[in-house]
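Okay, model16.tsv now, which holds TSV, C-alpha atoms:
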```
chain	number	residue	atom	x	y	z
A	1	MET	CA	34.22	29.34	-0.11
A	2	PHE	CA	33.81	32.47	2.01
A	3	ALA	CA	30.31	33.03	0.58
A	4	ILE	CA	29.20	29.56	1.67
A	5	ILE	CA	30.45	30.10	5.23
A	6	LYS	CA	28.83	33.56	5.35
A	7	ARG	CA	25.51	32.14	4.11
A	8	GLY	CA	25.73	29.37	6.71
A	9	LYS	CA	26.23	31.87	9.52
A	10	LEU	CA	23.48	34.14	8.20
A	11	ARG	CA	20.80	31.47	7.65
A	12	GLY	CA	21.92	28.88	10.15
A	13	THR	CA	22.12	26.15	7.52
A	14	VAL	CA	23.46	25.63	4.04
A	15	GLU	CA	21.23	23.86	1.52
A	16	ASN	CA	22.54	20.70	0.02
A	17	ALA	CA	22.62	21.33	-3.71
A	18	ARG	CA	21.80	17.89	-5.07
A	19	ALA	CA	21.58	16.92	-8.68
A	20	PRO	CA	17.97	16.64	-9.89
A	21	HIS	CA	16.49	13.15	-10.07
A	22	LYS	CA	17.01	11.44	-13.38
A	23	LEU	CA	13.69	9.58	-13.15
A	24	THR	CA	10.32	11.20	-12.59
A	25	PRO	CA	7.78	9.45	-10.33
A	26	ARG	CA	6.03	8.19	-13.47
A	27	ASN	CA	9.27	6.70	-14.79
A	28	ARG	CA	10.02	5.15	-11.41
A	29	SER	CA	6.57	3.54	-11.16
A	30	SER	CA	6.92	1.95	-14.60
A	31	ILE	CA	9.87	-0.16	-13.39
A	32	PRO	CA	7.94	-2.38	-10.90
A	33	HIS	CA	5.24	-2.95	-13.53
A	34	LYS	CA	7.88	-4.30	-15.92
A	35	ILE	CA	9.37	-6.47	-13.16
A	36	LYS	CA	5.95	-7.95	-12.32
A	37	LYS	CA	5.37	-8.80	-15.98
A	38	ASN	CA	8.80	-10.37	-16.42
A	39	PRO	CA	10.76	-11.12	-13.21
A	40	ARG	CA	13.74	-12.36	-15.21
A	41	LEU	CA	14.29	-8.97	-16.87
A	42	SER	CA	17.78	-7.61	-16.22
A	43	ALA	CA	18.58	-4.08	-15.08
A	44	VAL	CA	20.52	-3.46	-18.30
A	45	LYS	CA	17.52	-4.38	-20.44
A	46	LEU	CA	15.24	-2.27	-18.25
A	47	ALA	CA	17.57	0.70	-18.67
A	48	THR	CA	17.48	0.33	-22.47
A	49	GLU	CA	13.67	0.07	-22.39
A	50	LEU	CA	13.48	3.28	-20.35
A	51	GLU	CA	15.77	4.94	-22.87
A	52	LYS	CA	13.55	3.86	-25.76
A	53	ARG	CA	10.25	4.68	-24.07
A	54	PHE	CA	11.02	7.92	-22.21
A	55	ALA	CA	14.21	9.06	-24.01
A	56	ILE	CA	16.13	9.01	-20.71
A	57	LYS	CA	19.63	7.62	-20.51
A	58	VAL	CA	19.77	5.80	-17.17
A	59	ASN	CA	22.56	3.79	-15.63
A	60	PRO	CA	21.58	0.17	-14.84
A	61	GLU	CA	22.71	0.77	-11.24
A	62	THR	CA	20.03	3.48	-10.96
A	63	VAL	CA	17.46	0.94	-12.13
A	64	ARG	CA	18.72	-1.55	-9.52
A	65	ARG	CA	18.43	1.13	-6.82
A	66	VAL	CA	14.81	1.82	-7.82
A	67	ILE	CA	14.03	-1.91	-7.86
A	68	ARG	CA	15.45	-2.26	-4.33
A	69	SER	CA	13.46	0.75	-3.14
A	70	TYR	CA	10.27	-1.07	-4.16
A	71	GLY	CA	11.22	-4.06	-2.00
A	72	TYR	CA	12.58	-6.36	-4.69
A	73	ASN	CA	16.00	-7.98	-4.58
A	74	SER	CA	18.29	-9.45	-7.20
A	75	ARG	CA	17.17	-13.02	-6.71
A	76	VAL	CA	14.87	-14.78	-9.14
A	77	ALA	CA	12.71	-17.73	-8.16
A	78	GLY	CA	13.63	-21.02	-9.74
A	79	ARG	CA	11.47	-22.24	-12.55
A	80	LYS	CA	8.84	-24.75	-11.46
A	81	PHE	CA	7.70	-27.23	-14.03
A	82	PHE	CA	4.01	-27.19	-14.67
A	83	VAL	CA	2.23	-30.36	-13.59
A	84	ASN	CA	-0.71	-31.06	-15.85
A	85	GLU	CA	-2.90	-34.16	-16.04
A	86	LYS	CA	-0.57	-35.96	-18.46
A	87	THR	CA	2.58	-35.45	-16.37
A	88	ARG	CA	0.68	-36.18	-13.16
A	89	LYS	CA	-0.39	-39.56	-14.55
A	90	LEU	CA	3.16	-40.31	-15.74
A	91	ARG	CA	4.58	-39.49	-12.30
A	92	LEU	CA	1.97	-41.62	-10.55
A	93	ASP	CA	2.64	-44.57	-12.89
A	94	PHE	CA	6.38	-44.24	-12.26
A	95	ALA	CA	5.87	-44.15	-8.49
A	96	LYS	CA	3.57	-47.18	-8.59
A	97	SER	CA	6.11	-49.13	-10.65
A	98	MET	CA	8.83	-48.36	-8.08
A	99	VAL	CA	6.76	-49.53	-5.08
A	100	ASP	CA	7.01	-53.21	-6.03
A	101	LYS	CA	10.81	-53.28	-6.46
A	102	ASP	CA	12.67	-55.65	-4.16
A	103	MET	CA	15.51	-54.79	-1.78
A	104	SER	CA	18.31	-55.83	-4.17
A	105	PHE	CA	17.12	-53.21	-6.66
A	106	TRP	CA	17.21	-50.43	-4.05
A	107	GLU	CA	20.70	-51.46	-2.90
A	108	SER	CA	21.99	-50.78	-6.42
A	109	VAL	CA	20.39	-47.32	-6.57
A	110	ILE	CA	22.57	-44.32	-5.75
A	111	PHE	CA	20.62	-41.58	-3.98
A	112	VAL	CA	21.86	-38.06	-4.59
A	113	ASP	CA	20.61	-35.01	-2.74
A	114	GLU	CA	21.18	-31.83	-4.73
```

In structure tokens, write the structure found in this file.
Amino acid sequence: MFAIIKRGKLRGTVENARAPHKLTPRNRSSIPHKIKKNPRLSAVKLATELEKRFAIKVNPETVRRVIRSYGYNSRVAGRKFFVNEKTRKLRLDFAKSMVDKDMSFWESVIFVDE
């Protein structure tokens, strides 16, 4: 302890001896590429992929920290169903069939907003 205080007085500061980074810049940059390819990929699966590819054992929380540093968050967009010509025609036919319904039909319909 005395040596640390002496060094601080001599130099004016004491260096912060941090642990070296577990991930190199190359390893870090591979994470956003994986996320762009598959946004639903979990941090645990990403950590196991890093272990297989680079032989680095990384905690999933470290992966989450890297993901956040690249501007991503832990939310995933909801899946949107693809509307092709077939489903577009089916939707249009359904809408057209509902236009001609009388008022008694619509009084028996329960509208739910979810």

Please return, as a compact mmCIF listing (two decimals) with C-alpha atoms, in the coordinates of the input, all polymer residues that have at least one atom within 12 Å of the point (13.3, 10.0, -22.6); use only C-alpha atoms and the file's own coordinate frame.
```txt
# COMPACT_ATOMS: atom_id res chain seq x y z
CA LYS A 22 17.01 11.44 -13.38
CA LEU A 23 13.69 9.58 -13.15
CA THR A 24 10.32 11.20 -12.59
CA ARG A 26 6.03 8.19 -13.47
CA ASN A 27 9.27 6.70 -14.79
CA ALA A 47 17.57 0.70 -18.67
CA THR A 48 17.48 0.33 -22.47
CA GLU A 49 13.67 0.07 -22.39
CA LEU A 50 13.48 3.28 -20.35
CA GLU A 51 15.77 4.94 -22.87
CA LYS A 52 13.55 3.86 -25.76
CA ARG A 53 10.25 4.68 -24.07
CA PHE A 54 11.02 7.92 -22.21
CA ALA A 55 14.21 9.06 -24.01
CA ILE A 56 16.13 9.01 -20.71
CA LYS A 57 19.63 7.62 -20.51
CA VAL A 58 19.77 5.80 -17.17
```

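Distances here use only C-alpha atoms; by that measure, the residue among A:Arg40, A:Lys45, A:Arg91, A:Arg64 closest to A:Ala77 is A:Arg40.
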
Which distance in Å separates atom CA of A:Ile67 and atom CA of A:Ala43, to one decimal?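 The value is 8.8 Å.
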
In Å to one decimal, how far is atom CA of A:Pro39 from atom CA of A:Asp113?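 Here the two named atoms are 27.9 Å from each other.
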
Record the distance separating atom CA of A:Ile110 and atom CA of A:Asp93, expressed in Å with one decimal.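 Atom-to-atom, atom CA of A:Ile110 to atom CA of A:Asp93, that is 21.2 Å.
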
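With distances restricted to all atoms listed in the file, A:Lys36 is the closest residue to A:Tyr72 from A:Lys96, A:His21, A:Lys36, A:Arg11.
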
Ranking A:Ala19, A:Leu92, A:Leu41, A:Val112 by minimum distance to A:Val76 and counting only C-alpha atoms, which one comes first?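 When distances to A:Val76 are compared using only C-alpha atoms, the smallest one comes from A:Leu41.
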
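For the choices A:Pro20, A:Val63, A:Arg28, A:Asp102, the atom-to-atom distance to A:Val44 is smallest for A:Val63 when using all atoms listed in the file.
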
Using only C-alpha atoms for the distances, tell me which of A:Ser104, A:Glu61, A:Val66, A:Leu10 is nearest to A:Ser30. A:Val66

From A:Lys86, A:Lys101, A:Lys80, A:Arg68, residue lying nearest A:Ile31 [only C-alpha atoms]: A:Arg68
